[in-house]
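A.B. asks: Structure file start-v7.txt (compact mmCIF, C-alpha atoms) is given on the next line.
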```txt
# COMPACT_ATOMS: atom_id res chain seq x y z
CA MET A 1 8.40 -3.17 -9.70
CA CYS A 2 9.98 -1.72 -6.58
CA ASN A 3 9.19 -4.87 -4.61
CA GLN A 4 10.96 -7.08 -7.15
CA SER A 5 13.94 -4.70 -7.31
CA VAL A 6 14.24 -4.71 -3.51
CA GLY A 7 14.26 -8.52 -3.41
CA LEU A 8 16.94 -8.74 -6.10
CA ILE A 9 19.18 -6.15 -4.41
CA GLN A 10 18.57 -7.95 -1.12
CA ALA A 11 19.84 -11.20 -2.66
CA ALA A 12 23.07 -9.46 -3.73
CA PHE A 13 23.63 -8.17 -0.17
CA GLU A 14 22.87 -11.57 1.35
CA ASN A 15 25.38 -13.15 -1.04
CA GLU A 16 28.05 -10.82 0.36
CA GLY A 17 27.45 -12.29 3.82
CA ILE A 18 25.18 -9.47 5.00
CA VAL A 19 22.05 -10.64 6.82
CA THR A 20 19.14 -8.88 5.15
CA VAL A 21 15.48 -8.09 5.69
CA SER A 22 13.14 -6.14 3.44
CA VAL A 23 9.79 -4.48 3.77
CA SER A 24 7.18 -5.58 1.23
CA LEU A 25 4.16 -3.63 0.02
CA TYR A 26 3.02 -6.40 -2.35
CA ARG A 27 2.99 -9.84 -0.74
CA PHE A 28 2.20 -11.62 -4.01
CA VAL A 29 5.30 -10.12 -5.66
CA THR A 30 7.52 -10.99 -2.69
CA GLU A 31 6.19 -14.58 -2.67
CA LYS A 32 7.33 -14.88 -6.29
CA VAL A 33 10.73 -13.17 -5.85
CA ARG A 34 11.42 -15.03 -2.57
CA PRO A 35 14.04 -12.86 -0.82
CA PRO A 36 15.55 -14.32 2.39
CA ARG A 37 13.41 -12.34 4.87
CA ALA A 38 10.54 -9.95 4.30
CA LEU A 39 7.99 -8.14 6.43
CA CYS A 40 4.73 -7.49 4.57
CA VAL A 41 3.12 -4.26 5.70
CA PRO A 42 -0.51 -3.12 5.35
CA PHE A 43 0.33 0.29 3.88
CA PRO A 44 -0.17 1.83 0.43
CA LEU A 45 2.58 2.04 -2.18
CA GLY A 46 4.96 4.87 -1.29
CA TYR A 47 4.47 4.35 2.49
CA PRO A 48 6.74 1.41 3.41
CA LEU A 49 7.19 2.41 7.07
CA GLY A 50 3.60 3.51 7.61
CA ALA A 51 3.18 7.27 7.63
CA PRO A 52 5.28 10.43 7.30
CA HIS A 53 6.22 12.12 10.56
CA ASP A 54 4.93 9.16 12.59
CA PRO A 55 8.13 8.09 14.36
CA ALA A 56 6.33 5.63 16.65
CA LEU A 57 4.79 3.69 13.76
CA GLN A 58 7.99 3.79 11.71
CA ARG A 59 9.87 2.44 14.71
CA ARG A 60 7.41 -0.43 15.24
CA VAL A 61 7.77 -1.51 11.62
CA ILE A 62 11.58 -1.31 11.82
CA LEU A 63 11.73 -3.33 15.06
CA ALA A 64 9.41 -5.98 13.59
CA ALA A 65 11.67 -6.20 10.53
CA LEU A 66 14.84 -6.39 12.64
CA GLU A 67 13.31 -9.22 14.65
CA LEU A 68 13.22 -11.36 11.49
CA LEU A 69 17.02 -11.05 11.31
CA THR A 70 17.36 -12.91 14.60
CA LEU A 71 15.01 -15.84 13.90
CA ASP A 72 16.57 -19.25 13.61
CA GLU A 73 14.08 -20.65 11.08
CA PRO A 74 14.23 -22.02 7.55
CA LEU A 75 14.40 -19.31 4.89
CA PRO A 76 12.71 -17.57 3.24
CA ILE A 77 10.76 -15.97 6.07
CA ILE A 78 7.82 -13.89 4.83
CA ARG A 79 5.76 -12.44 7.69
CA ASP A 80 2.92 -9.96 8.06
CA PHE A 81 3.30 -6.86 10.20
CA ARG A 82 0.48 -6.55 12.74
CA PRO A 83 0.07 -2.85 13.64
CA MET B 1 -0.99 -4.03 2.16
CA ALA B 2 -1.22 -2.51 -1.27
CA GLU B 3 -3.75 -4.44 -3.34
CA LEU B 4 -3.42 -5.16 -7.00
CA SER B 5 -7.06 -4.13 -7.45
CA ASP B 6 -6.08 -0.57 -6.40
CA ALA B 7 -3.70 -0.19 -9.35
CA SER B 8 -4.73 1.39 -12.64
CA PHE B 9 -5.88 -1.01 -15.39
CA PRO B 10 -2.65 -0.83 -17.46
CA VAL B 11 -0.50 -1.32 -14.35
CA ARG B 12 -2.72 -4.15 -13.13
CA SER B 13 -2.59 -5.91 -16.49
CA PHE B 14 1.18 -5.54 -16.66
CA MET B 15 1.67 -6.91 -13.15
CA ARG B 16 -0.55 -9.93 -13.86
CA LEU B 17 1.31 -10.84 -17.04
CA TYR B 18 4.84 -9.93 -15.92
CA ARG B 19 7.22 -12.80 -15.20
CA TYR B 20 8.88 -11.99 -11.90
CA THR B 21 12.49 -12.98 -11.32
CA VAL B 22 13.19 -15.36 -8.45
CA ALA B 23 16.03 -14.04 -6.28
CA SER B 24 19.12 -16.22 -6.05
CA TRP B 25 20.94 -16.15 -2.71
CA GLN B 26 22.86 -18.10 -0.11
CA PRO B 27 21.78 -17.50 3.51
CA ALA B 28 24.11 -15.29 5.54
CA GLN B 29 24.55 -15.98 9.26
CA LEU B 30 24.16 -13.44 12.03
CA THR B 31 27.22 -13.92 14.22
CA LYS B 32 26.65 -11.18 16.80
CA PRO B 33 23.79 -9.41 18.55
CA LEU B 34 22.06 -6.55 16.75
CA SER B 35 23.42 -4.25 19.46
CA ALA B 36 26.88 -4.88 17.99
CA CYS B 37 25.89 -4.73 14.31
CA ASN B 38 26.62 -2.09 11.69
CA VAL B 39 23.34 -1.47 9.84
CA GLY B 40 23.17 -0.62 6.16
CA LEU B 41 20.07 1.00 4.67
CA VAL B 42 18.96 0.42 1.09
CA THR B 43 15.91 1.87 -0.58
CA THR B 44 14.40 1.92 -4.06
CA ALA B 45 12.77 5.31 -3.42
CA ALA B 46 15.20 7.03 -5.82
CA PHE B 47 16.45 9.57 -3.30
CA HIS B 48 19.46 11.54 -4.45
CA LEU B 49 21.45 14.52 -3.29
CA PRO B 50 20.84 17.81 -5.15
CA THR B 51 24.42 17.50 -6.46
CA GLN B 52 23.86 14.01 -7.89
CA PRO B 53 22.22 13.23 -11.24
CA THR B 54 18.62 12.13 -11.05
CA PHE B 55 17.49 8.75 -12.38
CA ALA B 56 16.87 8.15 -16.08
CA LEU B 57 13.35 7.81 -17.41
CA LYS B 58 13.68 4.60 -19.39
CA LEU B 59 11.08 1.89 -19.87
CA ALA B 60 13.52 -0.88 -18.91
CA GLY B 61 14.42 1.09 -15.77
CA ASP B 62 17.60 2.74 -14.48
CA PRO B 63 19.68 0.19 -12.54
CA SER B 64 22.16 2.78 -11.20
CA PHE B 65 22.30 3.82 -7.55
CA ARG B 66 23.26 6.89 -5.55
CA ILE B 67 25.28 6.92 -2.35
CA ILE B 68 23.52 8.84 0.42
CA PRO B 69 25.76 9.84 3.36
CA THR B 70 23.78 9.07 6.51
CA ASP B 71 24.74 12.40 8.08
CA VAL B 72 22.80 14.14 5.29
CA ALA B 73 20.19 16.76 6.11
CA LEU B 74 17.13 14.73 5.09
CA THR B 75 15.22 17.80 3.94
CA THR B 76 17.78 18.32 1.16
CA LEU B 77 17.09 14.94 -0.49
CA LYS B 78 15.40 14.89 -3.87
CA VAL B 79 13.09 12.12 -5.10
CA GLY B 80 14.07 11.03 -8.60
CA HIS B 81 11.27 8.52 -8.97
CA THR B 82 9.11 9.04 -12.05
CA SER B 83 6.65 6.19 -11.47
CA PRO B 84 3.04 7.37 -11.52
CA SER B 85 2.04 4.13 -9.75
CA PHE B 86 2.48 5.46 -6.22
CA ASP B 87 1.95 8.59 -4.17
CA HIS B 88 5.28 10.43 -3.81
CA THR B 89 4.09 12.99 -1.29
CA GLY B 90 4.78 10.91 1.83
CA ILE B 91 8.49 10.34 1.15
CA GLU B 92 8.86 13.95 -0.01
CA ARG B 93 7.42 15.20 3.28
CA ASP B 94 9.42 12.77 5.42
CA PRO B 95 12.27 10.78 3.80
CA ASN B 96 12.39 8.64 6.98
CA LEU B 97 9.28 6.95 5.62
CA ALA B 98 11.54 5.02 3.22
CA LEU B 99 15.08 5.88 4.35
CA PRO B 100 14.80 5.81 8.14
CA ILE B 101 18.06 7.53 9.02
CA THR B 102 16.61 9.42 11.99
CA ARG B 103 14.94 6.26 13.35
CA PHE B 104 18.25 4.38 13.23
CA GLN B 105 20.11 7.24 14.89
CA GLU B 106 17.59 6.83 17.71
CA LEU B 107 18.06 3.02 17.80
CA VAL B 108 21.84 3.50 17.95
CA ALA B 109 21.48 5.99 20.81
CA GLU B 110 19.34 3.45 22.67
CA GLY B 111 21.84 0.64 22.05
CA ILE B 112 19.35 -1.49 20.10
CA VAL B 113 21.68 -1.57 17.10
CA GLY B 114 25.43 -0.99 17.10
CA ARG B 115 25.78 1.73 14.50
CA LEU B 116 24.37 3.12 11.28
CA ASN B 117 26.70 2.76 8.31
CA GLU B 118 28.16 6.03 7.02
CA ARG B 119 26.50 5.61 3.65
CA ALA B 120 23.19 4.24 2.38
CA TRP B 121 22.28 3.02 -1.11
CA SER B 122 19.43 4.51 -3.11
CA PHE B 123 18.09 2.84 -6.25
CA CYS B 124 15.10 3.69 -8.43
CA GLY B 125 12.82 0.68 -8.17
CA SER B 126 10.98 0.93 -11.49
CA ILE B 127 13.09 -1.68 -13.25
CA THR B 128 11.25 -3.99 -15.64
CA LYS B 129 14.39 -5.58 -17.15
CA PRO B 130 16.45 -6.41 -14.07
CA GLY B 131 19.47 -8.06 -15.78
CA PRO B 132 21.92 -5.16 -15.24
CA LEU B 133 20.65 -4.74 -11.65
CA ILE B 134 21.20 -8.44 -10.87
CA ASN B 135 24.52 -8.78 -12.66
CA ASP B 136 26.18 -5.41 -12.10
CA THR B 137 24.79 -2.68 -9.90
CA ALA B 138 23.26 -4.61 -6.99
CA PRO B 139 26.44 -6.73 -6.53
CA GLU B 140 28.52 -3.52 -6.74
CA ALA B 141 26.51 -1.88 -3.96
CA ALA B 142 26.66 -5.10 -1.92
CA ARG B 143 30.47 -5.26 -2.26
CA GLN B 144 30.68 -1.64 -1.08
CA ALA B 145 28.53 -2.56 1.93
CA ARG B 146 30.72 -5.53 2.78
CA GLY B 147 33.78 -3.28 2.42
CA ASP B 148 32.18 -0.88 4.91
CA GLY B 149 31.73 -3.72 7.39
CA VAL B 150 27.94 -3.74 7.15
CA ASP B 151 26.56 -6.70 9.15
CA VAL B 152 22.83 -6.38 8.50
CA ALA B 153 20.76 -4.49 5.94
CA LEU B 154 17.20 -3.19 5.87
CA LEU B 155 15.72 -2.62 2.43
CA THR B 156 12.57 -0.68 1.60
CA PRO B 157 10.53 -0.36 -1.59
CA VAL B 158 8.06 2.36 -2.42
```
Spell out the structure here as structure tokens.

C.D. replies:
Amino acid sequence: MCNQSVGLIQAAFENEGIVTVSVSLYRFVTEKVRPPRALCVPFPLGYPLGAPHDPALQRRVILAALELLTLDEPLPIIRDFRP
Amino acid sequence: MAELSDASFPVRSFMRLYRYTVASWQPAQLTKPLSACNVGLVTTAAFHLPTQPTFALKLAGDPSFRIIPTDVALTTLKVGHTSPSFDHTGIERDPNLALPITRFQELVAEGIVGRLNERAWSFCGSITKPGPLINDTAPEAARQARGDGVDVALLTPV
């Protein structure tokens, strides 16, 4: 349910004029909820940025998510993270 | 990617039958480079301070949120999530896994983003009846973020 909740909170932030991106652990949920921008990651539930105490991996996921904020493409944008 | 086939049978059955809510939004426009943006962090990992109430264990879910100051000592954060559907140990060992405060302090220091907002928003994601989240608490958090001058937001589930 976390992936739906994230998409719904994301919509509220976007509606306040804040440009938003989320991480998704369940692509099929995110495709149904359709938030503005989402990065689907190949990690288990509970591990949205990859692994604990792995700053390099966490950083790569964050930078890939931030990149979606800068794309000038039709929304929603739902992309896969390639480790 | 988490796979539905990895979930327990009751969870899998629920997720197959559940009617997901389509998010309703108007696109916001980025008007400045990320290096000038104030970043807001939002998570549904149910982090809370030891001094804050934990999240309620209700079937419909608890739509409330906790404000996490981003100068918090991450090791003091509690995880109020009660969902048995995911492994809590990662975010308990390293809250940056879902609330990447340290990572964003690094990105600010490097000039990749402008600044990290003084507060972050922590929800508990196990919400099966999202009406109060959609109508009340998510818009309230979003208004707070706009009031703080947040330009962009990163949201993470667990």

A.B. asks: Which of these residues is nearest to Glu140 (chain B), using all atoms listed in the file: A:Glu16, A:Asp80, A:Glu73, A:Glu67?

C.D. replies: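 Counting all atoms listed in the file, the residue closest to Glu140 (chain B) is A:Glu16.
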
A.B. asks: Figure out the distance between CA of Gly114 (chain B) and CA of Val158 (chain B), please, to one decimal in Å.

C.D. replies: 26.3 Å

A.B. asks: Separation of CA of Asp87 (chain B) and CA of Val11 (chain B), in Å?

C.D. replies: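 Those two atoms sit 14.4 Å apart.
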
A.B. asks: Just the number, please: distance in Å from CA of Leu57 (chain B) to CA of Phe13 (chain A), one decimal.

C.D. replies: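 Straight-line distance from CA of Leu57 (chain B) to CA of Phe13 (chain A) works out to 25.7 Å.
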
A.B. asks: For chain A, which of B:Gln26, B:Thr76, B:Thr70, B:Gln52 is the closest residue, counting all atoms listed in the file?

C.D. replies: B:Gln26
